[in-house]
>>> print(open('my_file-v5.cif').read())   # mmCIF, C-alpha atoms
data_final
#
loop_
_atom_site.label_atom_id
_atom_site.label_comp_id
_atom_site.auth_asym_id
_atom_site.auth_seq_id
_atom_site.Cartn_x
_atom_site.Cartn_y
_atom_site.Cartn_z
CA MET P 1 90.74 163.33 62.15
CA PRO P 2 88.52 161.97 59.33
CA THR P 3 86.24 159.07 60.12
CA CYS P 4 87.98 156.56 57.84
CA SER P 5 91.42 157.47 59.13
CA ARG P 6 90.22 157.26 62.74
CA LYS P 7 88.63 153.87 62.12
CA TRP P 8 91.80 152.54 60.47
CA SER P 9 93.90 153.83 63.36
CA LYS P 10 91.63 152.04 65.87
CA ILE P 11 91.92 148.78 63.92
CA ARG P 12 95.69 149.15 63.88
CA SER P 13 95.66 149.71 67.64
CA GLN P 14 93.65 146.51 68.12
CA ARG P 15 96.16 144.60 66.01
CA ILE P 16 99.05 145.93 68.09
CA ILE P 17 97.39 144.88 71.35
CA PHE P 18 96.41 141.48 69.95
CA GLN P 19 99.92 140.80 68.61
CA TYR P 20 101.98 141.87 71.61
CA PHE P 21 99.49 141.49 74.49
CA PRO P 22 97.15 138.58 73.63
CA ASN P 23 96.04 138.02 77.25
CA LEU P 24 95.28 141.72 77.67
CA TYR P 25 93.34 141.78 74.41
CA SER P 26 91.18 138.81 75.46
CA LYS P 27 90.44 140.51 78.80
CA LEU P 28 89.48 143.76 77.09
CA ILE P 29 87.09 141.92 74.79
CA ARG P 30 85.65 139.81 77.63
CA ARG P 31 85.07 142.87 79.85
CA LYS P 32 83.70 144.82 76.86
CA VAL P 33 86.23 147.62 77.42
CA ARG P 34 86.65 150.10 74.59
CA ILE P 35 89.92 149.54 72.75
CA PRO P 36 91.92 152.80 73.02
CA ASN P 37 93.26 154.54 69.95
CA PHE P 38 97.00 155.08 70.21
CA SER P 39 96.87 157.83 67.60
CA GLU P 40 94.81 160.00 69.94
CA ASN P 41 96.72 161.04 73.07
CA TRP P 42 98.76 157.84 73.11
CA LYS P 43 100.44 158.55 76.46
CA GLU P 44 97.10 158.67 78.29
CA ASN P 45 95.79 155.59 76.51
CA PHE P 46 98.98 153.64 77.14
CA GLY P 47 98.75 154.54 80.82
CA PHE P 48 95.16 153.26 80.82
CA LEU P 49 96.33 149.93 79.40
CA VAL P 50 99.07 149.61 82.02
CA SER P 51 96.58 150.33 84.81
CA PHE P 52 94.08 147.83 83.42
CA TRP P 53 96.81 145.19 83.04
CA SER P 54 97.95 145.71 86.64
CA CYS P 55 94.43 145.54 88.07
CA GLU P 56 93.69 142.32 86.16
CA GLY P 57 96.70 140.52 87.57
CA GLY P 58 99.38 141.23 84.97
CA GLY P 59 100.95 138.21 83.32
CA ALA P 60 99.27 135.76 85.66
CA GLY P 61 97.13 134.48 82.78
CA ASP P 62 93.42 134.37 82.34
CA ASP P 63 92.77 133.18 85.89
CA GLY P 64 93.66 136.62 87.33
CA GLY P 65 96.56 135.37 89.45
CA ASN P 66 94.58 132.59 91.06
CA ASN P 67 97.23 130.05 91.93
CA GLU P 68 95.30 126.80 92.25
CA VAL P 69 96.89 123.46 92.99
CA PRO P 70 96.84 121.40 89.77
CA ARG P 71 94.60 118.38 89.95
CA VAL P 72 95.97 114.90 89.46
CA ARG P 73 95.20 113.75 85.96
CA VAL P 74 94.03 110.23 85.26
CA LYS P 75 96.79 109.61 82.75
CA ASP P 76 99.43 110.09 85.48
CA LEU P 77 98.16 107.14 87.54
CA GLN P 78 100.27 104.01 87.64
CA GLY P 79 98.51 101.01 86.16
CA MET P 80 97.24 102.84 83.11
CA PRO P 81 98.46 101.84 79.64
CA GLY P 82 101.90 103.24 78.89
CA THR P 83 103.02 103.35 82.54
CA LEU P 84 105.43 101.16 84.48
CA GLY P 85 102.62 99.99 86.77
CA GLY P 86 100.56 98.99 83.74
CA LEU P 87 103.49 97.00 82.37
CA VAL P 88 103.91 95.17 85.70
CA LEU P 89 100.22 94.27 85.74
CA ARG P 90 100.38 92.93 82.17
CA ILE P 91 103.44 90.81 82.95
CA CYS P 92 101.74 89.37 86.04
CA GLN P 93 98.64 88.57 84.01
CA PHE P 94 100.70 86.84 81.37
CA VAL P 95 102.76 84.82 83.86
CA PHE P 96 99.77 83.56 85.89
CA ALA P 97 97.77 82.75 82.75
CA VAL P 98 100.65 80.80 81.20
CA VAL P 99 101.34 78.89 84.44
CA GLY P 100 97.67 77.91 84.76
CA LEU P 101 97.53 76.92 81.10
CA CYS P 102 100.68 74.78 81.26
CA ILE P 103 99.66 72.99 84.46
CA MET P 104 96.23 72.13 83.10
CA ALA P 105 97.56 71.14 79.68
CA THR P 106 100.09 68.71 81.18
CA THR P 107 97.32 66.56 82.66
CA SER P 108 96.24 63.71 80.43
CA ASP P 109 92.54 63.69 81.30
CA PHE P 110 91.63 67.38 81.06
CA PRO P 111 90.05 66.99 77.54
CA SER P 112 87.35 64.79 79.06
CA VAL P 113 85.98 67.70 81.15
CA THR P 114 84.40 70.65 79.36
CA ALA P 115 85.20 73.10 82.16
CA PHE P 116 88.90 72.27 82.03
CA CYS P 117 88.95 72.70 78.24
CA TYR P 118 87.24 76.04 78.73
CA LEU P 119 89.92 77.00 81.27
CA VAL P 120 92.71 76.17 78.82
CA ALA P 121 91.06 78.26 76.09
CA ALA P 122 90.38 81.21 78.41
CA THR P 123 93.88 81.30 79.90
CA GLY P 124 95.38 80.94 76.43
CA LEU P 125 93.40 83.94 75.20
CA GLN P 126 94.30 85.90 78.33
CA SER P 127 98.00 85.18 77.94
CA LEU P 128 98.00 86.34 74.30
CA TRP P 129 96.08 89.52 75.16
CA SER P 130 98.30 90.39 78.12
CA LEU P 131 101.49 89.69 76.18
CA SER P 132 100.36 91.96 73.34
CA LEU P 133 99.55 94.82 75.70
CA ALA P 134 102.83 94.30 77.58
CA ILE P 135 104.73 94.74 74.30
CA ILE P 136 102.74 97.90 73.59
CA ASP P 137 103.52 99.23 77.08
CA ILE P 138 107.23 98.52 76.60
CA TYR P 139 107.18 100.39 73.30
CA ALA P 140 105.33 103.34 74.85
CA LEU P 141 107.80 103.53 77.72
CA LEU P 142 110.82 103.37 75.42
CA VAL P 143 109.64 106.11 73.08
CA ARG P 144 107.89 108.00 75.92
CA ARG P 145 104.59 108.08 74.12
CA SER P 146 101.24 108.44 75.85
CA LEU P 147 98.54 105.87 75.19
CA GLN P 148 95.73 108.05 76.57
CA ASN P 149 93.79 108.13 73.34
CA SER P 150 90.04 107.58 73.33
CA SER P 151 90.16 104.83 70.73
CA VAL P 152 93.08 103.06 72.41
CA VAL P 153 91.56 103.26 75.89
CA THR P 154 88.21 102.01 74.54
CA LEU P 155 89.90 99.04 72.87
CA PHE P 156 91.84 98.18 76.03
CA THR P 157 88.72 98.48 78.19
CA ILE P 158 86.64 96.20 75.96
CA GLY P 159 89.47 93.68 75.66
CA ASP P 160 90.06 93.56 79.42
CA ALA P 161 86.33 93.20 80.06
CA ILE P 162 86.02 90.24 77.68
CA THR P 163 89.16 88.40 78.78
CA SER P 164 88.56 88.96 82.50
CA THR P 165 84.97 87.69 82.21
CA LEU P 166 86.07 84.57 80.34
CA THR P 167 88.91 83.87 82.78
CA PHE P 168 86.69 84.32 85.84
CA ALA P 169 83.95 82.12 84.39
CA ALA P 170 86.47 79.40 83.50
CA ALA P 171 88.05 79.54 86.95
CA CYS P 172 84.65 79.26 88.66
CA ALA P 173 83.62 76.32 86.47
CA SER P 174 86.92 74.52 87.06
CA ALA P 175 86.68 75.16 90.79
CA GLY P 176 83.22 73.59 90.82
CA ILE P 177 84.44 70.48 89.01
CA THR P 178 87.48 70.22 91.28
CA VAL P 179 85.33 70.41 94.42
CA LEU P 180 82.99 67.78 92.95
CA ILE P 181 85.85 65.36 92.28
CA ASP P 182 87.65 65.95 95.55
CA ASN P 183 84.92 66.38 98.19
CA ASP P 184 81.81 64.81 96.73
CA LEU P 185 83.15 61.87 94.73
CA ASN P 186 86.38 61.36 96.71
CA ASN P 187 88.02 60.30 93.49
CA CYS P 188 91.29 62.21 93.63
CA ALA P 189 93.29 58.97 93.61
CA GLN P 190 92.41 58.43 89.96
CA ASN P 191 92.53 62.11 88.95
CA HIS P 192 95.06 64.94 89.05
CA CYS P 193 93.36 66.98 91.74
CA ALA P 194 96.52 68.82 92.74
CA GLN P 195 97.12 70.01 89.19
CA PHE P 196 93.47 70.95 88.76
CA GLU P 197 93.46 72.98 91.96
CA THR P 198 96.75 74.72 91.14
CA SER P 199 95.61 75.62 87.64
CA THR P 200 92.30 76.94 88.97
CA ALA P 201 94.11 79.03 91.59
CA MET P 202 96.40 80.51 88.91
CA ALA P 203 93.33 81.42 86.87
CA PHE P 204 91.78 83.23 89.83
CA ILE P 205 95.02 85.10 90.56
CA CYS P 206 95.24 86.06 86.90
CA TRP P 207 91.72 87.44 87.07
CA PHE P 208 92.61 89.47 90.18
CA THR P 209 95.46 91.11 88.26
CA VAL P 210 93.25 91.88 85.25
CA VAL P 211 90.60 93.68 87.32
CA PRO P 212 92.80 96.72 88.22
CA SER P 213 93.71 97.22 84.57
CA PHE P 214 90.06 97.09 83.55
CA LEU P 215 88.92 99.44 86.31
CA LEU P 216 91.60 102.04 85.56
CA ASN P 217 90.88 101.94 81.83
CA PHE P 218 87.14 102.18 82.44
CA TRP P 219 87.62 105.10 84.83
CA SER P 220 89.80 106.90 82.29
CA LEU P 221 87.20 106.30 79.59
CA ALA P 222 84.29 107.45 81.79
CA SER P 223 86.09 110.62 82.95
CA ARG P 224 86.63 111.96 79.41
#
>>> encode(input="my_file-v5.cif", output="structure tokens")
Amino acid sequence: MPTCSRKWSKIRSQRIIFQYFPNLYSKLIRRKVRIPNFSENWKENFGFLVSFWSCEGGGAGDDGGNNEVPRVRVKDLQGMPGTLGGLVLRICQFVFAVVGLCIMATTSDFPSVTAFCYLVAATGLQSLWSLSLAIIDIYALLVRRSLQNSSVVTLFTIGDAITSTLTFAAACASAGITVLIDNDLNNCAQNHCAQFETSTAMAFICWFTVVPSFLLNFWSLASR
């Protein structure tokens, strides 16, 4: 057979293998096995391909029939954005933040203390953030859309870090003022210590529910 005709026949044989047996073609290239020419003694060459295919594990894929247990992916964990656990966490965050905000705002003398004003601002921001993410989670669950996008996860991680830090700082400051009024000054008769303590406790509980969301988002972002 002329050289040009033989070369064209070999190229056509490669195209046939690549089109109908892509896994076999990739294995032949990876093992640097000479691609047989079907125009020259095609029965023997076809038998060689069948033998090679059987020795390499057949249709088991590129792993050669190695049946490994699939690893758990981060996006399958409950508590991540777009999951039912994540929606429950967001609702809890919103509820505790709103309860703490309302209790503190109903007291008449909270504007006179900077820490209490800071608590109202922090819980207000936390409630808006958690409500927004809860709406996004509801939408993702309804349309069955994944939120495991690098940009989305980064935004959620930064937002949770900022809001959780502000809420924790406000709760600690309010707790310090409440202890000062109650234990040190013994002036609860003229102040709303019960409301202050309840609002501070709600802020701490809200922070405890934000921490899992932040940790899961940060873990997902770090594992990419």
>>> residues_around(input="my_file-v5.cif", residues="range 197-210 of chain P", least_positions_apart="6", cutoff="10 Å", atoms="all atoms listed in the file", output="PyMOL selection string")
chain P and resi 88-105+116+119-120+122-123+126-127+130+160-161+163-179+182
>>> resolve_selection(input="my_file-v5.cif", expression="the PyMOL selection byres ((chain P and resi 79-83) around 6)", output="list in words")
Gln78, Leu84, Gly85, Gly86, Asp137, Ala140 and Leu147 of chain P
>>> atom_distance(input="my_file-v5.cif", atom1="CA of Asn149 in chain P", atom2="CA of Pro212 in chain P")
18.8 Å
>>> residues_around(input="my_file-v5.cif", residues="Ile181 in chain P", least_positions_apart="5", cutoff="10 Å", atoms="only C-alpha atoms", output="tab-separated table (two decimals) with C-alpha atoms, in the coordinates of the input")
chain	number	residue	atom	x	y	z
P	175	ALA	CA	86.68	75.16	90.79
P	176	GLY	CA	83.22	73.59	90.82
P	186	ASN	CA	86.38	61.36	96.71
P	187	ASN	CA	88.02	60.30	93.49
P	188	CYS	CA	91.29	62.21	93.63
P	189	ALA	CA	93.29	58.97	93.61
P	190	GLN	CA	92.41	58.43	89.96
P	191	ASN	CA	92.53	62.11	88.95
P	192	HIS	CA	95.06	64.94	89.05
P	193	CYS	CA	93.36	66.98	91.74
>>> resolve_selection(input="my_file-v5.cif", expression="the PyMOL selection byres ((chain P and resi 153) around 12)", output="ChimeraX atom specification")
/P:74-75,80-82,133,146-152,154-160,213-224
>>> atom_distance(input="my_file-v5.cif", atom1="CA of Leu77 in chain P", atom2="CA of Leu131 in chain P")
21.1 Å
>>> atom_distance(input="my_file-v5.cif", atom1="CA of Arg144 in chain P", atom2="CA of Leu128 in chain P")
23.9 Å
>>> decode(input="my_file-v5.cif", residues="range 105-202 of chain P", atoms="C-alpha atoms", output="short mmCIF file (atom, residue, chain, number, x, y, z; two decimals), in the first residue's frame")
data_model
loop_
_atom_site.label_atom_id
_atom_site.label_comp_id
_atom_site.auth_asym_id
_atom_site.auth_seq_id
_atom_site.Cartn_x
_atom_site.Cartn_y
_atom_site.Cartn_z
CA ALA P 105 -36.70 48.91 71.51
CA THR P 106 -39.79 48.79 73.75
CA THR P 107 -37.81 50.11 76.73
CA SER P 108 -37.96 53.86 77.11
CA ASP P 109 -34.43 54.43 78.42
CA PHE P 110 -32.33 52.36 76.01
CA PRO P 111 -31.26 55.46 73.93
CA SER P 112 -29.38 56.76 76.96
CA VAL P 113 -26.93 53.81 76.86
CA THR P 114 -24.58 53.48 73.91
CA ALA P 115 -24.26 49.70 74.25
CA PHE P 116 -28.02 49.23 74.04
CA CYS P 117 -28.22 51.44 70.95
CA TYR P 118 -25.43 49.37 69.44
CA LEU P 119 -27.41 46.20 70.24
CA VAL P 120 -30.50 47.55 68.47
CA ALA P 121 -28.45 48.45 65.39
CA ALA P 122 -26.62 45.11 65.31
CA THR P 123 -29.74 42.98 65.74
CA GLY P 124 -31.55 45.08 63.13
CA LEU P 125 -28.76 44.46 60.63
CA GLN P 126 -28.67 40.77 61.52
CA SER P 127 -32.42 40.39 61.05
CA LEU P 128 -32.31 42.02 57.60
CA TRP P 129 -29.35 39.88 56.52
CA SER P 130 -30.89 36.63 57.76
CA LEU P 131 -34.27 37.42 56.21
CA SER P 132 -32.66 38.12 52.84
CA LEU P 133 -30.73 34.86 52.88
CA ALA P 134 -33.83 32.95 54.03
CA ILE P 135 -35.71 34.25 50.98
CA ILE P 136 -32.82 33.18 48.76
CA ASP P 137 -32.82 29.72 50.34
CA ILE P 138 -36.57 29.38 49.80
CA TYR P 139 -36.15 30.32 46.15
CA ALA P 140 -33.27 27.85 45.71
CA LEU P 141 -35.30 25.05 47.29
CA LEU P 142 -38.36 25.77 45.16
CA VAL P 143 -36.50 25.83 41.85
CA ARG P 144 -33.98 23.18 43.04
CA ARG P 145 -31.02 25.34 42.23
CA SER P 146 -27.61 24.97 43.87
CA LEU P 147 -26.02 27.99 45.52
CA GLN P 148 -22.54 26.44 45.62
CA ASN P 149 -20.95 29.14 43.52
CA SER P 150 -17.63 30.66 44.52
CA SER P 151 -18.90 34.24 44.35
CA VAL P 152 -22.11 33.43 46.23
CA VAL P 153 -20.33 31.44 48.95
CA THR P 154 -17.74 34.20 49.35
CA LEU P 155 -20.48 36.83 49.74
CA PHE P 156 -22.34 34.71 52.30
CA THR P 157 -19.14 34.02 54.25
CA ILE P 158 -18.15 37.69 54.44
CA GLY P 159 -21.70 38.74 55.36
CA ASP P 160 -21.99 36.14 58.11
CA ALA P 161 -18.57 37.10 59.47
CA ILE P 162 -19.49 40.79 59.68
CA THR P 163 -22.97 40.35 61.14
CA SER P 164 -21.92 37.67 63.65
CA THR P 165 -19.03 39.82 64.88
CA LEU P 166 -21.28 42.86 65.32
CA THR P 167 -23.98 40.84 67.09
CA PHE P 168 -21.50 39.17 69.45
CA ALA P 169 -19.82 42.47 70.28
CA ALA P 170 -23.18 44.14 70.94
CA ALA P 171 -24.34 41.26 73.13
CA CYS P 172 -21.12 41.36 75.17
CA ALA P 173 -21.34 45.13 75.64
CA SER P 174 -24.99 44.95 76.66
CA ALA P 175 -24.26 42.10 79.05
CA GLY P 176 -21.55 44.21 80.70
CA ILE P 177 -23.90 47.16 81.16
CA THR P 178 -26.66 44.89 82.47
CA VAL P 179 -24.33 43.33 85.06
CA LEU P 180 -23.17 46.81 86.08
CA ILE P 181 -26.73 48.03 86.65
CA ASP P 182 -27.95 44.90 88.38
CA ASN P 183 -25.04 43.68 90.53
CA ASP P 184 -22.79 46.67 91.02
CA LEU P 185 -25.21 49.59 91.20
CA ASN P 186 -28.25 47.63 92.43
CA ASN P 187 -30.40 50.00 90.45
CA CYS P 188 -32.80 47.60 88.74
CA ALA P 189 -35.78 49.21 90.47
CA GLN P 190 -35.43 52.28 88.27
CA ASN P 191 -34.36 50.41 85.12
CA HIS P 192 -35.75 47.65 82.92
CA CYS P 193 -33.24 44.99 83.88
CA ALA P 194 -35.49 42.10 82.88
CA GLN P 195 -35.92 43.48 79.37
CA PHE P 196 -32.21 44.24 79.09
CA GLU P 197 -31.26 40.73 80.15
CA THR P 198 -33.80 39.08 77.84
CA SER P 199 -32.70 41.16 74.85
CA THR P 200 -29.05 40.39 75.57
CA ALA P 201 -29.81 36.66 75.84
CA MET P 202 -31.65 36.74 72.49
#
